[in-house]
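Data file: upload35.txt. Format and content: compact mmCIF, C-alpha atoms.
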```
# COMPACT_ATOMS: atom_id res chain seq x y z
CA MET A 44 -16.50 -20.00 -1.61
CA MET A 45 -13.39 -18.62 -3.31
CA THR A 46 -13.82 -18.38 -7.07
CA PRO A 47 -11.07 -19.50 -9.48
CA ALA A 48 -10.52 -15.88 -10.53
CA VAL A 49 -10.07 -14.78 -6.93
CA ARG A 50 -7.73 -17.68 -6.24
CA ARG A 51 -5.59 -16.89 -9.26
CA GLY A 52 -5.59 -13.22 -8.28
CA MET A 53 -4.31 -14.09 -4.82
CA LEU A 54 -1.59 -16.24 -6.37
CA ALA A 55 -0.54 -13.40 -8.64
CA PHE A 56 -0.47 -11.01 -5.71
CA GLY A 57 1.68 -13.42 -3.73
CA LEU A 58 4.12 -13.70 -6.59
CA ILE A 59 4.61 -9.97 -6.97
CA ALA A 60 4.52 -9.02 -3.27
CA GLY A 61 7.74 -7.38 -2.15
CA LEU A 62 9.47 -7.32 -5.54
CA ALA A 63 9.85 -3.56 -5.59
CA ALA A 64 11.55 -3.61 -2.18
CA THR A 65 14.50 -5.79 -3.25
CA PRO A 66 17.65 -3.70 -3.80
CA ALA A 67 20.56 -5.01 -5.87
CA PHE A 68 24.08 -5.19 -4.45
CA ALA A 69 26.98 -4.88 -6.86
CA ALA A 70 29.82 -7.28 -6.11
CA GLU A 71 32.29 -4.50 -5.38
CA LYS A 72 29.80 -2.93 -2.93
CA ASP A 73 29.06 -6.11 -1.01
CA PRO A 74 31.77 -6.21 1.65
CA VAL A 75 32.34 -8.92 4.21
CA VAL A 76 30.88 -7.72 7.52
CA ALA A 77 31.68 -10.76 9.67
CA THR A 78 33.42 -14.14 9.57
CA ILE A 79 32.40 -17.24 11.53
CA ASN A 80 34.93 -20.04 11.74
CA GLY A 81 36.33 -18.81 8.44
CA SER A 82 32.91 -18.50 6.71
CA ALA A 83 32.07 -14.97 5.51
CA ILE A 84 28.86 -13.02 5.97
CA HIS A 85 28.39 -10.29 3.36
CA LEU A 86 26.45 -7.04 3.63
CA SER A 87 23.89 -8.33 1.11
CA GLU A 88 23.09 -11.26 3.42
CA VAL A 89 22.37 -8.89 6.30
CA ALA A 90 20.11 -6.80 4.05
CA GLU A 91 18.26 -9.90 2.84
CA PHE A 92 17.78 -11.09 6.42
CA GLN A 93 16.58 -7.64 7.49
CA ARG A 94 13.92 -7.58 4.75
CA GLY A 95 12.45 -10.76 6.15
CA LEU A 96 12.02 -9.32 9.64
CA PRO A 97 8.77 -7.81 10.99
CA PRO A 98 8.73 -4.00 10.51
CA GLN A 99 9.36 -3.22 14.17
CA LEU A 100 12.41 -5.52 14.31
CA ALA A 101 13.75 -4.41 10.93
CA GLN A 102 14.41 -0.97 12.44
CA ALA A 103 17.01 -2.39 14.83
CA PRO A 104 20.63 -1.14 14.54
CA PHE A 105 22.86 -2.84 11.98
CA GLN A 106 25.09 -4.48 14.59
CA ALA A 107 22.06 -5.97 16.39
CA ILE A 108 20.74 -7.51 13.17
CA LEU A 109 24.21 -8.79 12.29
CA ASP A 110 24.51 -10.38 15.76
CA VAL A 111 21.26 -12.28 15.25
CA LEU A 112 22.47 -13.47 11.85
CA ILE A 113 25.73 -14.68 13.39
CA THR A 114 23.81 -16.64 16.03
CA ASN A 115 21.60 -18.16 13.34
CA ARG A 116 24.66 -19.22 11.35
CA LEU A 117 26.25 -20.84 14.41
CA VAL A 118 23.07 -22.80 15.19
CA ALA A 119 22.83 -23.92 11.56
CA GLU A 120 26.42 -25.15 11.65
CA GLU A 121 25.67 -27.25 14.73
CA ALA A 122 22.55 -28.65 13.07
CA ASP A 123 24.65 -29.60 10.05
CA LYS A 124 27.10 -31.46 12.27
CA GLU A 125 24.19 -33.54 13.58
CA GLY A 126 23.07 -34.36 10.04
CA LEU A 127 19.73 -32.54 10.29
CA ARG A 128 20.04 -31.15 6.77
CA LYS A 129 19.17 -34.66 5.57
CA ASP A 130 16.06 -34.90 7.77
CA PRO A 131 12.97 -35.42 5.51
CA GLN A 132 11.01 -32.56 7.09
CA VAL A 133 13.98 -30.21 6.75
CA ARG A 134 14.43 -31.23 3.12
CA ARG A 135 10.75 -30.47 2.42
CA GLU A 136 11.06 -27.04 4.00
CA VAL A 137 14.27 -26.32 2.07
CA ARG A 138 12.60 -27.35 -1.17
CA MET A 139 9.66 -25.04 -0.47
CA ALA A 140 12.03 -22.16 0.30
CA GLU A 141 13.95 -22.83 -2.92
CA ASP A 142 10.70 -22.90 -4.88
CA ALA A 143 9.72 -19.54 -3.37
CA ALA A 144 13.09 -18.02 -4.30
CA VAL A 145 12.85 -19.32 -7.87
CA ARG A 146 9.27 -18.04 -8.23
CA HIS A 147 10.38 -14.65 -6.97
CA ALA A 148 13.33 -14.51 -9.37
CA TRP A 149 11.22 -15.62 -12.36
CA MET A 150 8.44 -13.13 -11.69
CA SER A 151 10.95 -10.33 -11.06
CA LYS A 152 12.55 -11.03 -14.43
CA LYS A 153 9.21 -11.01 -16.24
CA LEU A 154 8.04 -7.81 -14.55
CA ARG A 155 11.29 -5.95 -15.25
CA SER A 156 10.91 -6.84 -18.90
CA ALA A 157 7.24 -5.87 -19.11
CA ILE A 158 7.22 -2.70 -17.03
CA SER A 159 9.46 -0.42 -19.04
CA GLY A 160 9.55 3.36 -18.95
CA GLU A 161 7.72 3.43 -22.26
CA ALA A 162 5.00 1.12 -20.96
CA LEU A 163 4.52 3.27 -17.86
CA ARG A 164 4.31 6.40 -19.99
CA ALA A 165 1.67 4.77 -22.20
CA GLN A 166 -0.35 3.84 -19.12
CA TYR A 167 -0.02 7.40 -17.83
CA ASP A 168 -1.15 8.90 -21.16
CA GLN A 169 -4.20 6.64 -21.06
CA LEU A 170 -4.92 7.71 -17.47
CA VAL A 171 -4.73 11.40 -18.41
CA SER A 172 -6.94 10.92 -21.47
CA GLN A 173 -9.64 9.38 -19.27
CA PHE A 174 -9.33 11.95 -16.48
CA LYS A 175 -12.46 14.01 -15.89
CA PRO A 176 -11.91 17.22 -13.89
CA GLU A 177 -14.33 17.98 -11.09
CA ASP A 178 -14.73 20.76 -8.56
CA GLU A 179 -12.83 20.55 -5.30
CA VAL A 180 -13.19 22.90 -2.37
CA HIS A 181 -10.66 24.12 0.16
CA ALA A 182 -12.56 24.70 3.39
CA LEU A 183 -12.19 25.20 7.12
CA HIS A 184 -14.72 24.03 9.69
CA ILE A 185 -15.60 24.26 13.34
CA LEU A 186 -17.37 21.25 14.86
CA VAL A 187 -19.46 21.61 18.03
CA PRO A 188 -21.98 19.28 19.75
CA THR A 189 -25.10 21.48 19.63
CA GLU A 190 -26.84 23.89 17.29
CA ALA A 191 -26.82 26.59 19.97
CA GLU A 192 -23.02 26.35 20.26
CA ALA A 193 -22.72 26.58 16.49
CA GLN A 194 -24.90 29.69 16.48
CA ALA A 195 -22.64 31.22 19.12
CA VAL A 196 -19.59 30.46 16.94
CA ILE A 197 -21.23 32.19 13.96
CA ALA A 198 -21.97 35.20 16.15
CA ASP A 199 -18.29 35.39 17.20
CA LEU A 200 -17.16 35.19 13.57
CA ASN A 201 -19.59 37.92 12.57
CA LYS A 202 -17.94 40.12 15.21
CA GLY A 203 -14.57 39.63 13.50
CA VAL A 204 -13.06 36.75 15.48
CA ASP A 205 -10.46 34.91 13.38
CA PHE A 206 -11.88 31.63 12.07
CA LYS A 207 -8.81 29.54 12.82
CA GLU A 208 -8.48 30.92 16.33
CA GLU A 209 -12.14 30.16 16.98
CA ALA A 210 -11.61 26.63 15.68
CA LYS A 211 -8.62 26.09 17.96
CA ALA A 212 -10.62 27.30 20.93
CA LYS A 213 -13.98 25.63 20.36
CA SER A 214 -13.90 22.90 17.69
CA GLN A 215 -14.41 19.29 18.79
CA ASP A 216 -12.38 18.09 15.81
CA PRO A 217 -9.13 16.78 17.42
CA SER A 218 -6.99 18.16 14.60
CA ALA A 219 -8.36 21.70 14.98
CA LYS A 220 -5.90 22.52 17.78
CA LYS A 221 -3.07 22.23 15.27
CA ASN A 222 -4.58 23.21 11.93
CA GLY A 223 -7.35 25.61 12.92
CA GLY A 224 -10.03 23.45 11.31
CA ASP A 225 -8.34 23.39 7.90
CA LEU A 226 -9.63 20.45 5.85
CA GLY A 227 -7.54 21.17 2.77
CA PHE A 228 -9.00 20.45 -0.67
CA PHE A 229 -11.67 17.78 -1.10
CA THR A 230 -14.14 16.66 -3.75
CA LYS A 231 -17.83 16.38 -3.07
CA GLY A 232 -17.75 12.60 -2.76
CA GLU A 233 -15.06 12.70 -0.07
CA MET A 234 -17.31 14.31 2.54
CA VAL A 235 -20.60 13.29 4.13
CA PRO A 236 -23.54 14.54 1.99
CA ALA A 237 -24.87 17.24 4.34
CA PHE A 238 -21.43 18.81 4.77
CA ALA A 239 -20.52 18.50 1.09
CA ASP A 240 -23.82 19.98 -0.13
CA ALA A 241 -23.38 23.02 2.09
CA ALA A 242 -19.69 23.58 1.25
CA PHE A 243 -20.13 23.24 -2.51
CA ALA A 244 -23.06 25.70 -2.47
CA MET A 245 -20.87 28.43 -0.96
CA LYS A 246 -18.51 30.94 -2.56
CA PRO A 247 -14.82 31.56 -1.73
CA GLY A 248 -14.49 33.66 1.41
CA GLU A 249 -18.01 32.86 2.56
CA ILE A 250 -18.87 31.55 6.03
CA SER A 251 -21.99 29.43 6.48
CA LYS A 252 -24.85 31.60 7.73
CA THR A 253 -26.57 28.73 9.53
CA PRO A 254 -25.08 25.65 11.21
CA VAL A 255 -24.76 22.47 9.16
CA LYS A 256 -25.77 19.22 10.87
CA SER A 257 -24.07 15.88 10.17
CA GLN A 258 -23.73 12.64 12.07
CA PHE A 259 -20.64 14.13 13.74
CA GLY A 260 -22.35 17.20 15.17
CA TRP A 261 -22.90 20.79 14.05
CA HIS A 262 -20.49 22.48 11.62
CA VAL A 263 -19.65 26.07 10.81
CA ILE A 264 -17.91 26.16 7.42
CA LYS A 265 -15.67 28.67 5.68
CA VAL A 266 -14.85 28.14 2.00
CA VAL A 267 -11.37 29.37 1.05
CA GLU A 268 -11.07 28.37 -2.60
CA ILE A 269 -12.80 26.37 -5.34
CA ARG A 270 -10.85 24.85 -8.22
CA LYS A 271 -10.89 22.01 -10.72
CA THR A 272 -9.03 18.79 -10.00
CA THR A 273 -5.99 18.02 -12.14
CA PRO A 274 -4.41 14.66 -12.96
CA PRO A 275 -1.27 13.66 -11.04
CA THR A 276 2.08 14.26 -12.69
CA PHE A 277 3.85 11.31 -14.29
CA GLU A 278 6.27 11.10 -11.35
CA GLN A 279 3.40 11.14 -8.85
CA ALA A 280 1.49 8.46 -10.76
CA LYS A 281 4.41 6.10 -11.44
CA PRO A 282 4.24 4.08 -8.17
CA MET A 283 0.51 3.44 -8.63
CA LEU A 284 0.92 2.65 -12.33
CA ARG A 285 3.83 0.29 -11.66
CA GLU A 286 1.82 -1.59 -9.02
CA ARG A 287 -1.21 -1.84 -11.28
CA MET A 288 0.86 -3.06 -14.23
CA ALA A 289 2.63 -5.62 -12.02
CA GLU A 290 -0.73 -7.05 -10.96
CA GLN A 291 -1.94 -7.17 -14.56
CA VAL A 292 1.23 -8.81 -15.87
CA ALA A 293 1.37 -11.33 -13.04
CA GLN A 294 -2.30 -12.22 -13.51
CA LYS A 295 -1.78 -12.74 -17.25
CA LEU A 296 1.28 -14.92 -16.71
CA VAL A 297 -0.49 -17.08 -14.13
CA THR A 298 -3.57 -17.46 -16.36
CA GLU A 299 -1.39 -18.51 -19.31
CA LEU A 300 0.49 -21.06 -17.19
CA ARG A 301 -2.73 -22.58 -15.88
CA SER A 302 -4.32 -22.73 -19.35
CA LYS A 303 -1.39 -24.79 -20.67
CA ALA A 304 -1.09 -27.12 -17.69
CA LYS A 305 -2.79 -30.45 -17.07
CA ILE A 306 -4.19 -29.96 -13.60
CA LYS A 307 -6.02 -32.51 -11.50
CA THR A 308 -7.28 -31.68 -8.02
CA PHE A 309 -8.42 -33.94 -5.21
CA ASN A 310 -10.42 -33.63 -2.02
CA PRO A 311 -8.66 -33.80 1.38
CA ASP A 312 -9.48 -37.53 1.55
CA GLY A 313 -7.78 -38.12 -1.81
CA SER A 314 -10.98 -38.63 -3.81
CA PRO A 315 -11.20 -36.84 -7.21
CA VAL A 316 -12.87 -33.45 -7.40
CA THR A 317 -15.77 -33.72 -9.84
CA GLU A 318 -15.85 -30.02 -10.74
CA HIS A 319 -12.62 -28.36 -11.82
CA PRO A 320 -11.96 -24.61 -11.69
CA ALA A 321 -11.69 -22.70 -14.96
CA GLY A 322 -8.29 -23.24 -16.54
CA ALA A 323 -7.85 -26.71 -15.05
CA LYS A 324 -7.73 -29.79 -17.27
```
Output the structure of this file as C-alpha cells.
Amino acid sequence: MMTPAVRRGMLAFGLIAGLAATPAFAAEKDPVVATINGSAIHLSEVAEFQRGLPPQLAQAPFQAILDVLITNRLVAEEADKEGLRKDPQVRREVRMAEDAAVRHAWMSKKLRSAISGEALRAQYDQLVSQFKPEDEVHALHILVPTEAEAQAVIADLNKGVDFKEEAKAKSQDPSAKKNGGDLGFFTKGEMVPAFADAAFAMKPGEISKTPVKSQFGWHVIKVVEIRKTTPPTFEQAKPMLRERMAEQVAQKLVTELRSKAKIKTFNPDGSPVTEHPAGAK
C-alpha cells in the first residue's frame, strides 16, 4: 500500500520533472518558421513540441519536426470547423492540459526563487563539511575462468610480459580489449568483497602473487595508485545539489498546501473513506 508520504513524494516529483530542460526564448529570437492559412508557427512552438516527443523521435531533423507540427495544426483547424473544441471530452482534456501547464509554471517560479546561487553554495559548503575522505585504489585486473589459467597469467607477468597486453590477450572482461583491464579508481565498497580485500591489501606497483577468486572467476590484480577521495568541486556538484533542492522545495510546498486544504476522499463506489491520509482534513 502506498503511504501518504510516498504519494506526496511522487506528486512533488511529478511537479518538478522536466523543469530544468525548459529553455526560454526571447521575443526577438523567436522567429516565424512557418505559416498555415495565415497563422504563424514560431520557433518556440517547434521547440516546445520537440520536448514532448519520445527521445528517439526528438532527434529528428528540424524540418521533419516542423512538418509534423504543420500537419497537427491543419488537423486541429479541421476539428475546430466541426465544432469539436466544444465536445465535453475534449473540454475535459483541455482543462487537464491547462492545469498541467499552470502547475508547471507555478512550480518553476517557486523553484527559481528558492534555488539561488547562494542557496546552492550553502548546500555545497554543508556537503563538504560532512565529507569523509576514504582510500580509493587505481587498479588493473585480468579475469580468467580457472585458477590454473590465472597462475599461468602470473607466470607470464613474472617473466616481464606487459600487464595491459596480457589483459588484452587473455582477460574475459569484455572491456579489457580496449582498456587493458584498467578499472580506474574505486573505493572498497564499490567492488565485490574478495576483490576489494585483495586490492586494498596491496601496495602501488604490486601484482597479486596468488589468484583472487570472486563470483566472476579468477582475477590477477595490479595496483597502480592509492589515494584519498576528495569532494567534488562546486561546479561538479551543482546539478546534483539543484536536483536535491528542487525535490526538497517541491515536497515542502506540497506538504504546506495539503496541510491548509480541506480534503475529503471517497472510495471508487463513492462511499466515504473512513481513514484519511496524514495532512487530509
Computed gap from CA of Leu117 in chain A to CA of Ala103 in chain A is 20.6 Å
Non-local contacts of Val263 in chain A (6 Å; all atoms listed in the file; under 3 positions in same chain excluded) as a PyMOL selection string: chain A and resi 184-185+251+254
Problem set entry | Interatomic distance, CA of Ser151 in chain A to CA of Pro275 in chain A (Å, one decimal) |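 About the pair CA of Ser151 in chain A and CA of Pro275 in chain A: they are 26.9 Å apart.
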So that I can check the surroundings of range 229-242 of chain A, please list as a ChimeraX atom specification every protein, DNA and RNA residue that reaches within 12 Å of it, counting all atoms listed in the file and ignoring chain neighbours fewer than 2 positions away. /A:176-186,225-227,244-273
| task | Just give me the gap between CA of Ile84 in chain A and CA of Asp110 in chain A in Å, one decimal is fine. | result |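 Calculated distance between CA of Ile84 in chain A and CA of Asp110 in chain A is 11.0 Å.
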Counting only C-alpha atoms, the option among A:Glu278, A:Leu86, A:Gly95, A:Glu290 closest to Lys153 in chain A =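 With only C-alpha atoms as the atom set, the closest residue is A:Glu290.
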(Q) Which residues are close to Ala83 in chain A, i.e. within 12 Å by all atoms listed in the file, leaving aside same-chain residues fewer than 5 positions away? Reply as a VMD selection string. (A) chain A and resid 73 to 78 88 to 89 112 to 113 116
Output file for the residues above (C-alpha atoms, as a tab-separated table (two decimals), keeping the file's coordinate frame):
```
chain	number	residue	atom	x	y	z
A	73	ASP	CA	29.06	-6.11	-1.01
A	74	PRO	CA	31.77	-6.21	1.65
A	75	VAL	CA	32.34	-8.92	4.21
A	76	VAL	CA	30.88	-7.72	7.52
A	77	ALA	CA	31.68	-10.76	9.67
A	78	THR	CA	33.42	-14.14	9.57
A	88	GLU	CA	23.09	-11.26	3.42
A	89	VAL	CA	22.37	-8.89	6.30
A	112	LEU	CA	22.47	-13.47	11.85
A	113	ILE	CA	25.73	-14.68	13.39
A	116	ARG	CA	24.66	-19.22	11.35
```
When you look at Asp205 in chain A with a cut-off of 12 Å (counting all atoms listed in the file), what residues show up, excluding the ones that are within fewer than 2 positions of it in the same chain? I need them as a CSV table (one decimal) with C-alpha atoms, in the coordinates of the input.
```
chain,number,residue,atom,x,y,z
A,183,LEU,CA,-12.2,25.2,7.1
A,185,ILE,CA,-15.6,24.3,13.3
A,196,VAL,CA,-19.6,30.5,16.9
A,197,ILE,CA,-21.2,32.2,14.0
A,198,ALA,CA,-22.0,35.2,16.2
A,199,ASP,CA,-18.3,35.4,17.2
A,200,LEU,CA,-17.2,35.2,13.6
A,201,ASN,CA,-19.6,37.9,12.6
A,202,LYS,CA,-17.9,40.1,15.2
A,203,GLY,CA,-14.6,39.6,13.5
A,207,LYS,CA,-8.8,29.5,12.8
A,208,GLU,CA,-8.5,30.9,16.3
A,209,GLU,CA,-12.1,30.2,17.0
A,210,ALA,CA,-11.6,26.6,15.7
A,211,LYS,CA,-8.6,26.1,18.0
A,212,ALA,CA,-10.6,27.3,20.9
A,223,GLY,CA,-7.4,25.6,12.9
A,224,GLY,CA,-10.0,23.4,11.3
A,250,ILE,CA,-18.9,31.6,6.0
A,265,LYS,CA,-15.7,28.7,5.7
```
- Task: Find the spatial neighbours of Ala165 in chain A, counting only C-alpha atoms, within a cut-off of 12 Å - ignore same-chain residues fewer than 3 positions away - and output them as number ranges by chain.
- Result: A: 158-162, 168-172, 277, 281, 284-285, 288
